[in-house]
Amino acid sequence: MFLQQLINALTIGSLYALTAMGATLIYGILGILDIANAGAYLVGAYVGWYIYYATGSIVLGFLGSILLVGLLGIFLQRTIYSPILAKPRTLSIIPLVAAVGLFTISSDAVRLICGPNSKTYDLKFPMEIIQVGKVTIQPAWLLIFALTAVLLAILWFILNKTKLGLAWRATAGDREIALICGVNTNNAMALSYILGYGFAAAAGIMTGILYNNITPALGEVPSYKMLAIIVLGGLGNPLGTVIAGLIIGIAEVFLSVYTKIPIPKDAIAFVVLIIMLLVKPEGIMGRRNKV
Amino acid sequence: MLEIKDLFVSYGMMEVLHGISLKVEDRELVSVIGPNGAGKSTLIKTVMGLVKPTSGQVLYNGQDITRLPAYKRSGLGIGYVPEGRRVFAKLTVEENLRMGAYELKDKKKIADNMAKVYEIFPRLGERKGQLASTMSGGEQQMLAISRALMLSPKMLLIDEVSMGLMPIMVNTCFDVIKKLNDQGITILVVEQNANKALKVANRGYVLETGNIVLSDTAENLRKDDTVQKAYLGG
């Protein structure tokens with residue numbers, strides 16, 4: 001029973017990590033909270049659904065959705081975020097409000113274009129449910145684990161083993177000095193957006209497959225839960241975000257299964273966040289002092 | 001090599017540089033001295049493209065770079081050692097150096113330059129895998145200088161190299177600056193430590209509240225009464 005719940009929790013946790021990764025990458029470079037990532041998650045789930053139903057291939061659904069939503073991210077960065085941030089003395093609330101607006105637009109656009117009713121993926125897996133002793137493993141969970149691992153490995157490789165990733169980390173550390181070194185920091189931002197929105201899109205599709213249900217309201221819960229996860233992970237720290245996502249997944253599953261605490265599941269992330277802020281305000285992987 | 005013509009810079013409503021003109025000739029070492037808040041850092045940041053002037057010109061080898069984006073300036077061979085060092089704290093020493101060589105495409109040249117800076121500052125070589133944030137102020141200053149050297153710069157702009165360092169470290173830094181200049185790198189230093197800055201320089205400018213009030217050879221400035229009283233403690 002315990003092992004079963006743990007597997008369950010890690011599945012949900014890795015989805016959370018992937019969902020919040022975009023916001024983390026964007027915060028790391030631009031220092032803004034891009035709530036619109038939850039819009040990318042929603043739009044990604046729908047784009048993936050349409051491609052899947054048009055082509056019958058879920059692989060194409062994933063690739064197409066990641067690519068298209070990633071490009072949408074770059075488009076939004078170039079047309080909305082960068083112009084706002086280029087204005088002198090921009091208050092940090094302004095890009096946040098823009099992001100909330102974009103998220104609202106994305107939800108309503110999906111409702112108008114795709115209709116208010118839910119859609120189902122009905123994905124047929126070429127394998128049966130795996131039974132190991134008393135533990136059941138759904139094929140969808142394996143898909144989520146494997147894909148999350150692959151995407152995070154790609155992210156790790158780009159950030160740590162490529163010149164572009166080095167430039168990204170330098171830009172996240174000190175944008176002005178990165179500029180002086182010759183980094184076109186616009187490209188580092190673009191990397192954040194294409195990866196961030198692409199990851200959110202993948203997470204949206206996986207959520208759709210896991211629950212076999214997508215609706216225009218899909219982005220609502222992630223839009224705020226994402227905040228708890230990225231703050232918990234130390235704002236702008238990719239590794240911290242993975243750990244925070246898993247912690248929230250575990251906390252949600254175990255608190256709702258093993259305790260009788262009468263709070264809704266989606267509020268647990270914030271209970272964890274509040275405890276964390278009291279104990280270690282800089283987040284799991286954050287630093288106390290910014291140098 | 002570098003010429004600044006009638007430069008005006010404002011932060012919002014406040015004008016901080018009121019028409020600065022100065023020149024740094026090829027292979028010269030020029031110091032700009034002046035009190036805190038005179039606009040020294042602003043001057044250097046404008047040359048690097050981090051601050052946009054309201055009017056005036058920055059010429060580099062005769063080319064007008066006033067409106068050139070900041071990230072294109074290192075490609076011209078201009079290295080920058082910022083005030084407060086500003087090493088990339090979460091990057092290792094070696095990664096910091098690689099960032100300094102970001103504009104270089106030739107891998108062999110990068111390796112050569114890295115070997116060279118490890119030779120100048122052996123301490124960095126011993127700590128190349130360490131995060132920059134874990135190093136002392138002096139070591140970070142060595143790293144900031146080395147990062148700029150990774151570019152094989154033709155010109156170096158150095159902002160307050162002595163700030164917050166132990167006296168022995170200050171001497172080391174100025175020795176290195178002098179040596180680099182002897183090797184043919186043109187250098188512009190802005191510095192509160194007027195004594196050290198004028199000792200190594202060929203020429204100097206005195207910047208006060210956004211105006212250049214004096215300019216002469218470094219030797220004459222050191223003998224100048226007002227400079228002695230105001231900046232050399234004499």
# chains A, B, ... in the order shown; residues from 1 in each chain; ligands from 1
$ residues_around --residues "Leu123 (chain A)" --least-positions-apart "3" --cutoff "10 Å" --atoms "only C-alpha atoms" --output "compact mmCIF listing (two decimals) with N, CA and C atoms, in the first residue's frame"
# COMPACT_ATOMS: atom_id res chain seq x y z
N TYR A 52 -3.09 14.57 -32.19
CA TYR A 52 -3.28 13.13 -31.97
C TYR A 52 -4.50 12.63 -32.76
N GLY A 56 -3.41 10.33 -35.42
CA GLY A 56 -3.42 9.04 -34.75
C GLY A 56 -2.11 8.71 -34.05
N SER A 57 -1.19 9.67 -34.05
CA SER A 57 0.11 9.40 -33.43
C SER A 57 0.31 10.31 -32.21
N ILE A 58 0.45 9.69 -31.04
CA ILE A 58 0.66 10.49 -29.83
C ILE A 58 2.07 11.08 -29.82
N THR A 120 -11.56 13.77 -24.45
CA THR A 120 -10.79 12.66 -23.87
C THR A 120 -9.72 12.18 -24.84
N PRO A 126 0.10 0.06 -25.83
CA PRO A 126 0.39 -1.27 -26.37
C PRO A 126 0.78 -2.24 -25.27
N ALA A 140 0.23 4.60 -18.31
CA ALA A 140 0.32 6.07 -18.40
C ALA A 140 1.37 6.62 -17.42
N GLY A 208 -3.58 15.29 -19.45
CA GLY A 208 -4.75 14.88 -20.23
C GLY A 208 -4.83 13.37 -20.38
N ILE A 209 -3.67 12.75 -20.61
CA ILE A 209 -3.64 11.29 -20.77
C ILE A 209 -3.91 10.60 -19.42
N LEU A 210 -3.27 11.13 -18.37
CA LEU A 210 -3.39 10.52 -17.04
C LEU A 210 -4.85 10.50 -16.56
N ASN A 212 -7.40 11.30 -18.53
CA ASN A 212 -8.21 11.10 -19.73
C ASN A 212 -9.32 12.15 -19.85
$ residues_around --residues "Leu104 (chain B)" --least-positions-apart "2" --cutoff "12 Å" --atoms "only C-alpha atoms" --output "compact mmCIF listing (two decimals) with N, CA and C atoms, in the first residue's frame"
# COMPACT_ATOMS: atom_id res chain seq x y z
N LYS A 163 27.39 25.54 -24.66
CA LYS A 163 27.76 26.95 -24.53
C LYS A 163 26.52 27.81 -24.30
N CYS A 181 30.08 40.08 -21.76
CA CYS A 181 30.85 38.94 -22.27
C CYS A 181 30.48 38.63 -23.72
N GLY A 182 29.42 39.24 -24.21
CA GLY A 182 29.04 39.02 -25.60
C GLY A 182 27.79 38.19 -25.79
N VAL A 183 27.09 37.90 -24.70
CA VAL A 183 25.87 37.09 -24.81
C VAL A 183 24.72 37.98 -25.27
N SER B 74 32.21 43.38 -26.84
CA SER B 74 33.36 42.53 -26.50
C SER B 74 34.00 42.00 -27.78
N GLY B 75 33.19 41.82 -28.81
CA GLY B 75 33.72 41.37 -30.10
C GLY B 75 34.74 42.34 -30.70
N LEU B 76 34.69 43.61 -30.26
CA LEU B 76 35.66 44.60 -30.74
C LEU B 76 36.97 44.50 -29.98
N GLY B 77 36.98 43.67 -28.93
CA GLY B 77 38.20 43.53 -28.14
C GLY B 77 38.26 44.44 -26.94
N LEU B 97 35.73 31.89 -16.61
CA LEU B 97 36.73 32.22 -17.63
C LEU B 97 36.19 31.93 -19.03
N ARG B 98 35.45 30.83 -19.14
CA ARG B 98 34.86 30.51 -20.45
C ARG B 98 33.89 31.60 -20.89
N MET B 99 33.17 32.15 -19.92
CA MET B 99 32.26 33.25 -20.27
C MET B 99 33.06 34.45 -20.79
N GLY B 100 34.23 34.69 -20.19
CA GLY B 100 35.08 35.78 -20.67
C GLY B 100 35.49 35.58 -22.11
N ALA B 101 35.65 34.31 -22.50
CA ALA B 101 36.09 33.99 -23.86
C ALA B 101 34.89 33.70 -24.77
N TYR B 102 33.71 34.11 -24.36
CA TYR B 102 32.48 33.78 -25.09
C TYR B 102 32.56 34.16 -26.56
N ASP B 106 37.88 30.10 -31.54
CA ASP B 106 39.02 29.20 -31.66
C ASP B 106 39.32 28.53 -30.31
N LYS B 107 39.09 27.20 -30.27
CA LYS B 107 39.24 26.47 -29.00
C LYS B 107 40.66 26.50 -28.48
N LYS B 108 41.60 26.47 -29.41
CA LYS B 108 43.01 26.47 -29.00
C LYS B 108 43.37 27.79 -28.33
N LYS B 109 42.84 28.86 -28.91
CA LYS B 109 43.10 30.19 -28.35
C LYS B 109 42.51 30.29 -26.94
N ILE B 110 41.30 29.73 -26.76
CA ILE B 110 40.69 29.76 -25.43
C ILE B 110 41.57 29.02 -24.43
N ALA B 111 42.05 27.83 -24.84
CA ALA B 111 42.91 27.04 -23.95
C ALA B 111 44.20 27.79 -23.65
N ASP B 112 44.77 28.42 -24.67
CA ASP B 112 46.00 29.20 -24.47
C ASP B 112 45.78 30.33 -23.48
N ASN B 113 44.67 31.06 -23.69
CA ASN B 113 44.39 32.19 -22.80
C ASN B 113 44.16 31.73 -21.36
N LEU B 149 40.57 39.15 -19.42
CA LEU B 149 41.76 38.83 -20.22
C LEU B 149 41.52 37.67 -21.17
N MET B 150 40.52 36.84 -20.87
CA MET B 150 40.24 35.67 -21.70
C MET B 150 39.89 36.05 -23.13
N LEU B 151 39.49 37.30 -23.31
CA LEU B 151 39.06 37.79 -24.62
C LEU B 151 40.26 38.16 -25.50
N SER B 152 41.48 38.12 -24.96
CA SER B 152 42.66 38.74 -25.60
C SER B 152 42.32 40.17 -25.96
N PRO B 153 41.94 40.97 -24.97
CA PRO B 153 41.43 42.31 -25.28
C PRO B 153 42.52 43.23 -25.81
$ interface_residues --of "chain B" --to "chain A" --cutoff "10 Å" --atoms "only C-alpha atoms" --output "ChimeraX atom specification"
/B:11-12,45,48-50,69-75,78-82,86-91,95-96,98-104,133,147-148,150-151
$ residues_around --residues "Leu218 (chain A)" --least-positions-apart "2" --cutoff "10 Å" --atoms "only C-alpha atoms" --output "list in words"
Ala38, Gly39, Tyr41, Leu42, Val43, Ala45, Tyr46, Ser107, Ser118, Gly204, Thr207, Gly208, Asn213, Ile214, Thr215, Pro216, Glu220, Val221, Pro222 and Ser223 of chain A
$ select_by_dssp --residues "region 23-265 of chain A" --states "strand (DSSP E)" --output "list in words"
Ile130, Gln131, Val132, Val135, Thr136 and Ile137 of chain A
$ write_last_selection --atoms "C-alpha atoms" --output "compact mmCIF listing (two decimals), in the first residue's frame"
# COMPACT_ATOMS: atom_id res chain seq x y z
CA ILE A 130 1.68 -4.04 -14.74
CA GLN A 131 1.10 -5.95 -11.53
CA VAL A 132 4.06 -6.48 -9.22
CA VAL A 135 1.55 -2.83 -6.60
CA THR A 136 -0.24 -1.74 -9.74
CA ILE A 137 1.53 0.38 -12.32
$ select_by_dssp --residues "region 15-134 of chain B" --states "helix (DSSP H, G or I)" --output "VMD selection string"
chain B and resid 40 to 48 70 to 72 74 to 76 93 to 100 107 to 120 122 to 126 132 to 134
$ atom_distance --atom1 "CA of Asp216 (chain B)" --atom2 "CA of Thr42 (chain B)"
21.5 Å
$ residues_around --residues "Gly210 (chain B)" --least-positions-apart "5" --cutoff "10 Å" --atoms "only C-alpha atoms" --output "ChimeraX atom specification"
/B:7-9,15-20,34,37-40,42-43
$ closest_residue --among "A:Leu151, A:Ile51, A:Val242, A:Leu235" --to "Leu195 (chain A)" --atoms "only C-alpha atoms"
A:Leu151
$ closest_residue --among "A:Leu3, A:Ile93, A:Cys114, A:Leu72" --to "Ile194 (chain A)" --atoms "only C-alpha atoms"
A:Leu72
